[in-house]
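Pasted below: structure00.cif, mmCIF, C-alpha atoms and all ligand atoms.
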data_start
loop_
_atom_site.label_atom_id
_atom_site.label_comp_id
_atom_site.auth_asym_id
_atom_site.auth_seq_id
_atom_site.Cartn_x
_atom_site.Cartn_y
_atom_site.Cartn_z
CA MET E 1 0.00 0.00 0.00
CA THR E 2 1.36 3.41 -0.84
CA GLU E 3 1.04 6.13 1.72
CA SER E 4 1.60 9.82 1.01
CA ILE E 5 2.26 12.82 3.19
CA THR E 6 2.20 16.46 2.18
CA LEU E 7 4.35 19.03 3.94
CA ARG E 8 5.00 22.69 3.52
CA ARG E 9 8.20 23.05 1.52
CA PRO E 10 11.09 22.39 3.92
CA ASP E 11 13.92 24.80 4.75
CA ASP E 12 17.52 23.94 5.55
CA TRP E 13 18.83 26.16 8.33
CA HIS E 14 22.48 25.05 8.00
CA LEU E 15 23.96 24.27 4.60
CA HIS E 16 27.40 24.29 2.97
CA LEU E 17 27.28 25.05 -0.75
CA ARG E 18 31.01 25.85 -1.23
CA ASP E 19 32.12 27.69 -4.35
CA GLY E 20 33.31 27.13 -7.92
CA ALA E 21 32.82 23.69 -9.46
CA MET E 22 31.59 22.22 -6.16
CA LEU E 23 28.92 24.94 -5.88
CA SER E 24 27.76 24.25 -9.43
CA ALA E 25 27.47 20.54 -8.66
CA VAL E 26 25.74 20.70 -5.26
CA ALA E 27 23.52 23.81 -5.39
CA PRO E 28 20.96 22.14 -7.70
CA LEU E 29 20.68 19.28 -5.18
CA SER E 30 19.41 21.68 -2.50
CA ALA E 31 17.27 23.68 -4.93
CA GLY E 32 14.05 22.07 -3.68
CA PHE E 33 14.38 23.56 -0.21
CA GLY E 34 12.60 26.89 0.31
CA ARG E 35 15.21 28.78 2.30
CA ALA E 36 18.68 27.73 3.37
CA ILE E 37 21.08 29.40 5.74
CA ILE E 38 24.35 29.37 3.80
CA MET E 39 27.51 28.78 5.77
CA PRO E 40 30.30 31.32 5.21
CA ASN E 41 33.35 29.06 5.73
CA LEU E 42 34.79 29.48 2.26
CA VAL E 43 38.51 29.96 1.76
CA PRO E 44 38.89 32.86 2.42
CA PRO E 45 35.74 33.16 4.56
CA VAL E 46 32.79 35.46 3.87
CA VAL E 47 33.43 38.25 6.35
CA THR E 48 31.87 41.40 4.88
CA GLY E 49 28.41 42.30 3.62
CA GLN E 50 29.88 42.93 0.19
CA GLN E 51 31.39 39.44 0.05
CA ALA E 52 28.08 37.91 1.18
CA ALA E 53 26.20 39.73 -1.60
CA ALA E 54 28.71 38.52 -4.19
CA TYR E 55 28.50 34.95 -2.88
CA ARG E 56 24.70 35.07 -3.01
CA ASP E 57 24.92 36.05 -6.69
CA ARG E 58 27.21 33.09 -7.41
CA ILE E 59 24.76 30.76 -5.67
CA LEU E 60 21.77 32.12 -7.58
CA ALA E 61 23.71 31.67 -10.82
CA ALA E 62 24.36 28.01 -9.91
CA LEU E 63 20.67 27.23 -9.30
CA PRO E 64 18.36 25.95 -12.03
CA GLU E 65 15.84 28.43 -13.50
CA GLY E 66 12.85 28.83 -11.21
CA ALA E 67 14.37 26.89 -8.30
CA PRO E 68 12.52 27.55 -5.03
CA LEU E 69 15.72 27.97 -3.00
CA GLN E 70 16.31 31.42 -1.55
CA PRO E 71 19.81 31.52 -0.06
CA GLN E 72 19.97 33.24 3.35
CA MET E 73 23.48 34.56 3.74
CA THR E 74 25.65 34.67 6.85
CA LEU E 75 28.84 36.44 7.85
CA TYR E 76 31.77 34.66 9.41
CA LEU E 77 32.52 36.32 12.73
CA THR E 78 36.20 37.11 13.29
CA ASP E 79 38.09 39.03 15.96
CA GLY E 80 38.09 41.93 13.49
CA THR E 81 34.41 42.01 12.48
CA ASP E 82 33.02 45.56 12.25
CA PRO E 83 29.68 45.85 14.11
CA ALA E 84 28.52 48.60 11.72
CA ASP E 85 29.08 46.40 8.66
CA VAL E 86 27.07 43.55 10.23
CA VAL E 87 24.17 45.82 11.12
CA ALA E 88 24.19 47.46 7.67
CA ALA E 89 24.30 44.11 5.83
CA HIS E 90 21.33 42.92 7.86
CA ARG E 91 19.41 46.16 7.38
CA ASP E 92 19.98 45.96 3.61
CA GLY E 93 18.64 42.41 3.48
CA ILE E 94 22.00 40.87 2.51
CA ILE E 95 22.49 38.66 5.57
CA ARG E 96 20.16 36.73 7.83
CA ALA E 97 22.61 35.74 10.58
CA VAL E 98 26.22 35.68 11.76
CA LYS E 99 28.21 32.51 12.28
CA LEU E 100 30.55 31.92 15.18
CA TYR E 101 33.31 29.36 14.77
CA PRO E 102 35.75 29.05 17.65
CA ALA E 103 39.17 29.29 15.95
CA GLY E 104 40.30 25.86 14.81
CA ALA E 105 37.08 24.01 15.70
CA THR E 106 36.18 22.65 12.27
CA THR E 107 36.68 22.82 8.48
CA ASN E 108 38.08 26.23 7.41
CA SER E 109 37.73 27.80 10.84
CA ALA E 110 41.25 29.19 11.17
CA SER E 111 39.91 32.76 11.06
CA GLY E 112 37.39 32.07 13.83
CA VAL E 113 37.05 33.87 17.11
CA THR E 114 40.01 33.56 19.49
CA ASP E 115 38.88 35.99 22.14
CA PHE E 116 35.23 36.43 23.02
CA ASP E 117 35.82 39.84 24.64
CA ARG E 118 36.99 41.20 21.29
CA VAL E 119 33.65 40.39 19.62
CA ARG E 120 31.52 41.74 22.47
CA PRO E 121 30.67 44.99 20.58
CA VAL E 122 29.49 42.92 17.60
CA LEU E 123 27.33 40.69 19.81
CA ASP E 124 25.81 43.73 21.53
CA ALA E 125 24.99 45.32 18.17
CA MET E 126 23.45 42.05 16.95
CA ALA E 127 21.30 41.73 20.07
CA GLU E 128 20.10 45.27 19.56
CA ALA E 129 19.28 44.71 15.87
CA GLY E 130 17.78 41.23 16.42
CA ILE E 131 20.39 39.44 14.28
CA PRO E 132 20.76 35.76 15.24
CA LEU E 133 24.14 34.26 16.10
CA CYS E 134 24.63 30.72 14.75
CA VAL E 135 27.16 28.89 16.89
CA HIS E 136 29.45 25.96 16.16
CA GLY E 137 29.50 24.83 19.76
CA GLU E 138 32.76 23.04 20.43
CA VAL E 139 35.77 24.06 22.47
CA THR E 140 39.08 23.56 20.75
CA ASP E 141 41.37 22.93 23.74
CA SER E 142 43.47 19.89 22.97
CA GLU E 143 43.11 18.70 26.61
CA VAL E 144 39.35 18.32 26.20
CA ASP E 145 38.30 14.96 24.80
CA ILE E 146 36.72 15.39 21.37
CA PHE E 147 33.55 13.61 22.53
CA ASP E 148 33.16 16.13 25.39
CA ARG E 149 33.81 19.31 23.41
CA GLU E 150 30.17 20.25 22.94
CA ALA E 151 29.21 19.82 26.59
CA VAL E 152 32.29 21.75 27.73
CA PHE E 153 31.53 24.54 25.23
CA ILE E 154 28.05 24.95 26.68
CA ASP E 155 29.40 25.37 30.21
CA ARG E 156 32.48 27.44 29.50
CA ILE E 157 31.48 29.60 26.54
CA LEU E 158 27.85 29.48 25.53
CA ASP E 159 26.16 29.90 28.88
CA PRO E 160 28.39 32.83 29.97
CA LEU E 161 27.97 34.42 26.54
CA ARG E 162 24.17 34.20 26.74
CA ARG E 163 24.15 35.54 30.30
CA ALA E 164 26.26 38.50 29.21
CA THR E 165 23.98 39.22 26.23
CA PRO E 166 20.54 37.90 27.20
CA ASP E 167 18.79 39.57 24.26
CA LEU E 168 20.99 37.88 21.66
CA ARG E 169 19.15 35.30 19.56
CA VAL E 170 21.32 32.18 19.42
CA VAL E 171 21.10 29.01 17.34
CA MET E 172 23.07 26.08 18.69
CA GLU E 173 24.12 24.54 15.37
CA HIS E 174 24.18 20.79 14.76
CA ILE E 175 23.74 19.66 18.37
CA THR E 176 25.01 16.14 18.93
CA THR E 177 24.48 15.40 22.62
CA ALA E 178 21.83 14.99 25.28
CA ASP E 179 23.60 17.92 26.97
CA GLY E 180 22.90 20.07 23.92
CA VAL E 181 19.25 19.02 23.91
CA ALA E 182 18.90 19.82 27.62
CA TYR E 183 20.61 23.18 27.30
CA ALA E 184 18.44 24.14 24.31
CA ARG E 185 15.39 23.30 26.41
CA SER E 186 16.61 25.42 29.29
CA GLY E 187 16.53 28.57 27.19
CA GLY E 188 13.63 30.80 26.23
CA GLU E 189 12.43 31.98 22.85
CA ASN E 190 15.85 33.46 22.07
CA LEU E 191 17.45 30.03 21.89
CA GLY E 192 17.05 27.47 19.11
CA ALA E 193 18.97 24.41 17.95
CA THR E 194 19.47 22.75 14.60
CA ILE E 195 19.79 19.00 14.30
CA THR E 196 21.32 17.29 11.26
CA THR E 197 19.90 14.36 9.37
CA HIS E 198 22.97 12.19 9.88
CA HIS E 199 23.15 12.63 13.66
CA LEU E 200 19.66 11.12 13.86
CA VAL E 201 20.95 8.05 12.03
CA ILE E 202 24.50 7.24 13.13
CA ASN E 203 26.33 6.97 16.39
CA ARG E 204 30.11 6.81 16.75
CA ASN E 205 30.21 3.08 16.02
CA ALA E 206 29.33 3.87 12.41
CA ILE E 207 32.65 5.71 12.08
CA LEU E 208 34.91 3.35 13.98
CA ALA E 209 33.55 -0.17 14.48
CA GLY E 210 34.66 -2.86 12.04
CA GLY E 211 36.84 -0.49 10.01
CA ILE E 212 37.23 3.27 9.71
CA ARG E 213 34.56 4.94 7.57
CA PRO E 214 35.56 8.45 6.52
CA HIS E 215 32.19 9.29 4.99
CA TYR E 216 30.61 9.12 8.46
CA TYR E 217 33.19 11.46 9.95
CA CYS E 218 31.90 14.97 10.56
CA LEU E 219 32.16 17.65 13.21
CA PRO E 220 30.88 17.70 15.79
CA VAL E 221 31.69 14.01 15.65
CA ALA E 222 28.78 11.58 16.20
CA LYS E 223 28.54 10.54 19.85
CA ARG E 224 27.43 7.38 21.68
CA GLU E 225 23.99 5.82 21.15
CA SER E 226 22.30 7.47 24.15
CA HIS E 227 23.01 10.86 22.58
CA ARG E 228 21.61 9.81 19.21
CA LEU E 229 18.43 8.71 20.95
CA ALA E 230 18.17 12.05 22.75
CA LEU E 231 18.49 13.85 19.40
CA ARG E 232 15.78 11.68 17.86
CA GLU E 233 13.46 12.42 20.75
CA ALA E 234 14.12 16.16 20.44
CA ALA E 235 13.78 16.34 16.65
CA THR E 236 10.53 14.38 16.63
CA SER E 237 9.07 16.19 19.66
CA GLY E 238 7.56 18.98 17.57
CA GLU E 239 9.01 21.54 20.02
CA ALA E 240 9.53 24.90 18.35
CA ARG E 241 13.16 25.23 19.44
CA PHE E 242 14.36 22.26 17.34
CA PHE E 243 14.63 22.49 13.55
CA LEU E 244 16.42 20.99 10.58
CA GLY E 245 19.88 22.15 9.63
CA THR E 246 21.27 19.39 7.44
CA ASP E 247 24.87 20.58 7.73
CA SER E 248 25.25 18.93 4.36
CA ALA E 249 28.99 19.45 3.94
CA PRO E 250 30.35 18.10 0.65
CA HIS E 251 34.05 17.40 0.25
CA PRO E 252 35.70 15.74 -2.74
CA ASP E 253 36.39 12.07 -2.08
CA SER E 254 40.07 12.83 -2.64
CA ALA E 255 39.95 15.05 0.48
CA LYS E 256 37.86 12.64 2.58
CA LEU E 257 39.89 9.51 1.78
CA GLN E 258 43.19 10.67 3.21
CA PRO E 259 45.37 9.83 6.19
CA CYS E 260 43.98 13.12 7.58
CA GLY E 261 40.55 13.34 5.97
CA CYS E 262 38.06 16.23 6.06
CA ALA E 263 35.01 16.36 8.31
CA GLY E 264 31.59 16.50 6.68
CA CYS E 265 28.64 14.35 5.59
CA PHE E 266 26.89 15.11 2.30
CA THR E 267 23.17 14.66 2.89
CA ALA E 268 21.48 17.27 0.70
CA PRO E 269 20.11 14.88 -1.93
CA ASN E 270 18.56 12.21 0.30
CA THR E 271 17.74 14.18 3.45
CA MET E 272 13.95 14.20 3.12
CA SER E 273 13.77 10.45 2.39
CA ILE E 274 15.95 9.71 5.41
CA LEU E 275 14.02 12.03 7.73
CA ALA E 276 10.66 10.54 6.72
CA HIS E 277 12.07 7.11 7.59
CA VAL E 278 13.36 8.30 10.97
CA PHE E 279 10.12 10.06 11.91
CA GLU E 280 8.10 7.02 10.80
CA GLN E 281 10.30 4.75 12.95
CA GLU E 282 9.61 7.01 15.91
CA GLY E 283 5.87 6.99 15.18
CA LYS E 284 6.08 10.76 14.70
CA LEU E 285 5.44 11.38 11.01
CA ASP E 286 2.93 13.99 12.11
CA LYS E 287 5.83 16.02 13.58
CA LEU E 288 8.01 15.98 10.45
CA GLU E 289 6.56 19.21 9.05
CA ALA E 290 7.22 21.09 12.30
CA PHE E 291 10.87 20.01 12.21
CA THR E 292 11.55 20.64 8.51
CA SER E 293 9.15 23.41 7.54
CA LEU E 294 7.70 25.37 10.48
CA ASN E 295 9.95 25.71 13.50
CA GLY E 296 13.01 27.18 11.82
CA ALA E 297 11.02 29.74 9.87
CA ALA E 298 9.30 30.82 13.08
CA PHE E 299 12.63 31.17 14.89
CA TYR E 300 13.99 33.36 12.09
CA GLY E 301 10.78 35.41 12.09
CA MET E 302 9.78 34.31 8.60
CA ALA E 303 6.49 32.91 7.33
CA PRO E 304 6.53 29.20 6.45
CA ASN E 305 6.74 28.42 2.74
CA GLU E 306 3.34 28.55 1.05
CA ASP E 307 3.81 25.68 -1.37
CA ARG E 308 3.97 21.98 -0.52
CA ILE E 309 6.05 18.90 -1.22
CA ARG E 310 4.85 15.32 -1.22
CA LEU E 311 6.59 12.22 0.10
CA THR E 312 5.26 8.81 -0.88
CA ARG E 313 6.11 5.51 0.75
CA ARG E 314 6.58 2.87 -1.94
CA ASP E 315 7.52 -0.80 -1.87
CA GLN E 316 10.61 -0.10 -3.98
CA PRO E 317 13.32 1.97 -2.30
CA ALA E 318 14.15 5.38 -3.77
CA SER E 319 17.42 5.31 -5.65
CA TYR E 320 20.05 7.92 -5.12
CA PRO E 321 23.42 7.94 -6.84
CA GLU E 322 26.36 6.83 -4.72
CA THR E 323 28.37 9.85 -5.80
CA VAL E 324 27.91 13.23 -7.42
CA SER E 325 30.47 14.49 -9.92
CA THR E 326 31.95 17.97 -9.78
CA GLY E 327 33.77 17.50 -13.07
CA ASP E 328 37.21 16.42 -11.89
CA GLU E 329 36.12 15.00 -8.56
CA THR E 330 33.41 12.88 -6.97
CA VAL E 331 31.53 13.52 -3.73
CA THR E 332 30.03 10.54 -1.91
CA LEU E 333 26.47 10.79 -0.59
CA PHE E 334 25.69 9.93 3.01
CA ASP E 335 24.59 6.28 3.12
CA ALA E 336 21.88 5.90 5.78
CA GLY E 337 22.47 2.14 5.87
CA PHE E 338 18.82 1.24 5.28
CA PRO E 339 16.56 1.28 2.22
CA LEU E 340 14.76 4.59 1.68
CA TYR E 341 11.14 3.74 0.96
CA TRP E 342 10.01 7.36 1.16
CA HIS E 343 10.22 9.02 -2.23
CA LEU E 344 10.30 12.76 -2.65
CA GLU E 345 7.85 13.40 -5.49
CA ASP E 346 8.44 16.00 -8.16
CA ALA E 347 6.36 19.08 -7.47
N1 LIG E 401 30.19 19.62 9.72
C1 LIG E 401 31.35 19.28 9.23
O1 LIG E 401 31.83 18.19 9.53
N2 LIG E 401 32.03 20.07 8.38
C2 LIG E 401 31.65 21.39 7.98
C3 LIG E 401 31.98 22.43 9.00
C4 LIG E 401 31.03 22.47 10.17
O2 LIG E 401 29.81 22.62 10.01
O3 LIG E 401 31.49 22.40 11.31
C5 LIG E 401 32.38 21.71 6.68
O4 LIG E 401 32.41 22.86 6.27
O5 LIG E 401 32.90 20.78 6.03
ZN ZN E 402 29.94 23.42 12.40
ZN ZN E 403 28.29 23.05 9.04
#
Would you put the structure from the file into structure tokens?
Amino acid sequence: MTESITLRRPDDWHLHLRDGAMLSAVAPLSAGFGRAIIMPNLVPPVVTGQQAAAYRDRILAALPEGAPLQPQMTLYLTDGTDPADVVAAHRDGIIRAVKLYPAGATTNSASGVTDFDRVRPVLDAMAEAGIPLCVHGEVTDSEVDIFDREAVFIDRILDPLRRATPDLRVVMEHITTADGVAYARSGGENLGATITTHHLVINRNAILAGGIRPHYYCLPVAKRESHRLALREAATSGEARFFLGTDSAPHPDSAKLQPCGCAGCFTAPNTMSILAHVFEQEGKLDKLEAFTSLNGAAFYGMAPNEDRIRLTRRDQPASYPETVSTGDETVTLFDAGFPLYWHLEDA
């Protein structure tokens, strides 16, 4: 028996589209989302309003004619960010948010913040103007175990930062722990959290047990099973503070399959099929639309998309390519490890 569900068009509140040939290859694969918050960690990073506007034009040029996707640009916060430029870029409709990477935390984060006191004027200006801060929440201290870096970040950095600037709207990006879920729940309307598709599917065994699997390696790294279960409970709860940010982060296979391989899972193409499966497994298909299409828009103060998408459960699994070509390189899709019976129908 085929079963169908109709949802408002989903949004992706955390997406890496890259640049150049990679952008051309991957942008069309996210074109069916309504809005996407575009991560600014290019090399060099997107740090000024002018650079964000130019990057938005390159993204629009890479999208197919008539694609629904409206890129929502972000600036990469550095120790040298000018508060006036941030406020002006937001006022002029160029940016939707600012992204905080602790220096050295993840892919292309070398220009990230080293000293939180230096960015205090920017955070104050953002709080005043209502500009959300999207946070990669991991400490970078080498003495802190990589599996504890999110929880330690919450205690040492995020909580003090929010106490110092209570009016700042903050999104905890790609939370991976029960600690992240609990902290998100402890906040008020100013605090939201994105959850990725892949962290609902894999725990750390997927990366390490029975052989090392680079395509499951991302940051923050997947944690133990109890944390995955906490994320699934949060994502499927329908609570307004939790929403989809795929963190689809394509890297060429030549950069993933290395003695020191890059972090990132590429989930843009099959995200909706995987999420429908997860929500069905949890008996929460009725909460899928809140997670993918309502909660994030509400947090960002935007109306939900007007048009709809349809997902149909068929007996035959949906087929997705194993890799996407960028011309010279291939990028491997995230493999959920189970057949994807939910098909995303053409509009
Ligand atoms: N998530 C990842 O593993 N990688 C992201 C960076 C990030 O979101 O931290 C990337 O840009 O490749
Ligand atoms: Zn990140
Ligand atoms: Zn990311």
Find the nearest atom pair between each residue of chain E and ligand LIG 401 (chain E) for residues within 7 Å, count only C-alpha atoms and all ligand atoms, give distances in Å to one decimal, sort rows by chain and ascending number, and present the table as CSV.
residue,atom,partner,partner_atom,distance
E:His16,CA,E:LIG401,O4,6.2
E:Asn41,CA,E:LIG401,O4,6.3
E:Thr106,CA,E:LIG401,O3,4.8
E:Thr107,CA,E:LIG401,C3,4.7
E:Asn108,CA,E:LIG401,O4,6.7
E:His136,CA,E:LIG401,O3,6.4
E:Tyr217,CA,E:LIG401,O1,6.9
E:Cys218,CA,E:LIG401,O1,3.4
E:Leu219,CA,E:LIG401,O1,3.7
E:Pro220,CA,E:LIG401,O1,6.4
E:Asp247,CA,E:LIG401,N1,5.8
E:Ala249,CA,E:LIG401,O5,4.6
E:Pro250,CA,E:LIG401,O5,6.5
E:His251,CA,E:LIG401,O5,6.8
E:Cys262,CA,E:LIG401,O5,6.9
E:Ala263,CA,E:LIG401,O1,3.9
E:Gly264,CA,E:LIG401,O1,3.3
E:Cys265,CA,E:LIG401,O1,6.4
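Atom CA of Leu17 of chain E sits 24.7 Å away from atom CA of Val139 of chain E.
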Just want the 9 Å neighbourhood of Leu161 of chain E, counted on all atoms listed in the file, with same-chain residues fewer than 5 positions away dropped. Output as a list in words.
Phe116, Arg156 and Pro166 of chain E
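Rounded to one decimal, atom CA of Leu42 of chain E and atom CA of Arg18 of chain E lie 6.3 Å from each other.
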One decimal, Å: what's the distance from atom CA of Met22 of chain E over to atom CA of Ala62 of chain E, could you say?
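Separation between atom CA of Met22 of chain E and atom CA of Ala62 of chain E: 10.0 Å.
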Kindly provide, as a PyMOL selection string, the polymer residues lying within 12 Å of (18.8, 28.4, 8.8), counting all atoms listed in the file and using the coordinates exactly as they appear in the file.
chain E and resi 10-16+33-39+70-74+95-99+132-135+170-174+192-196+242-247+292-302
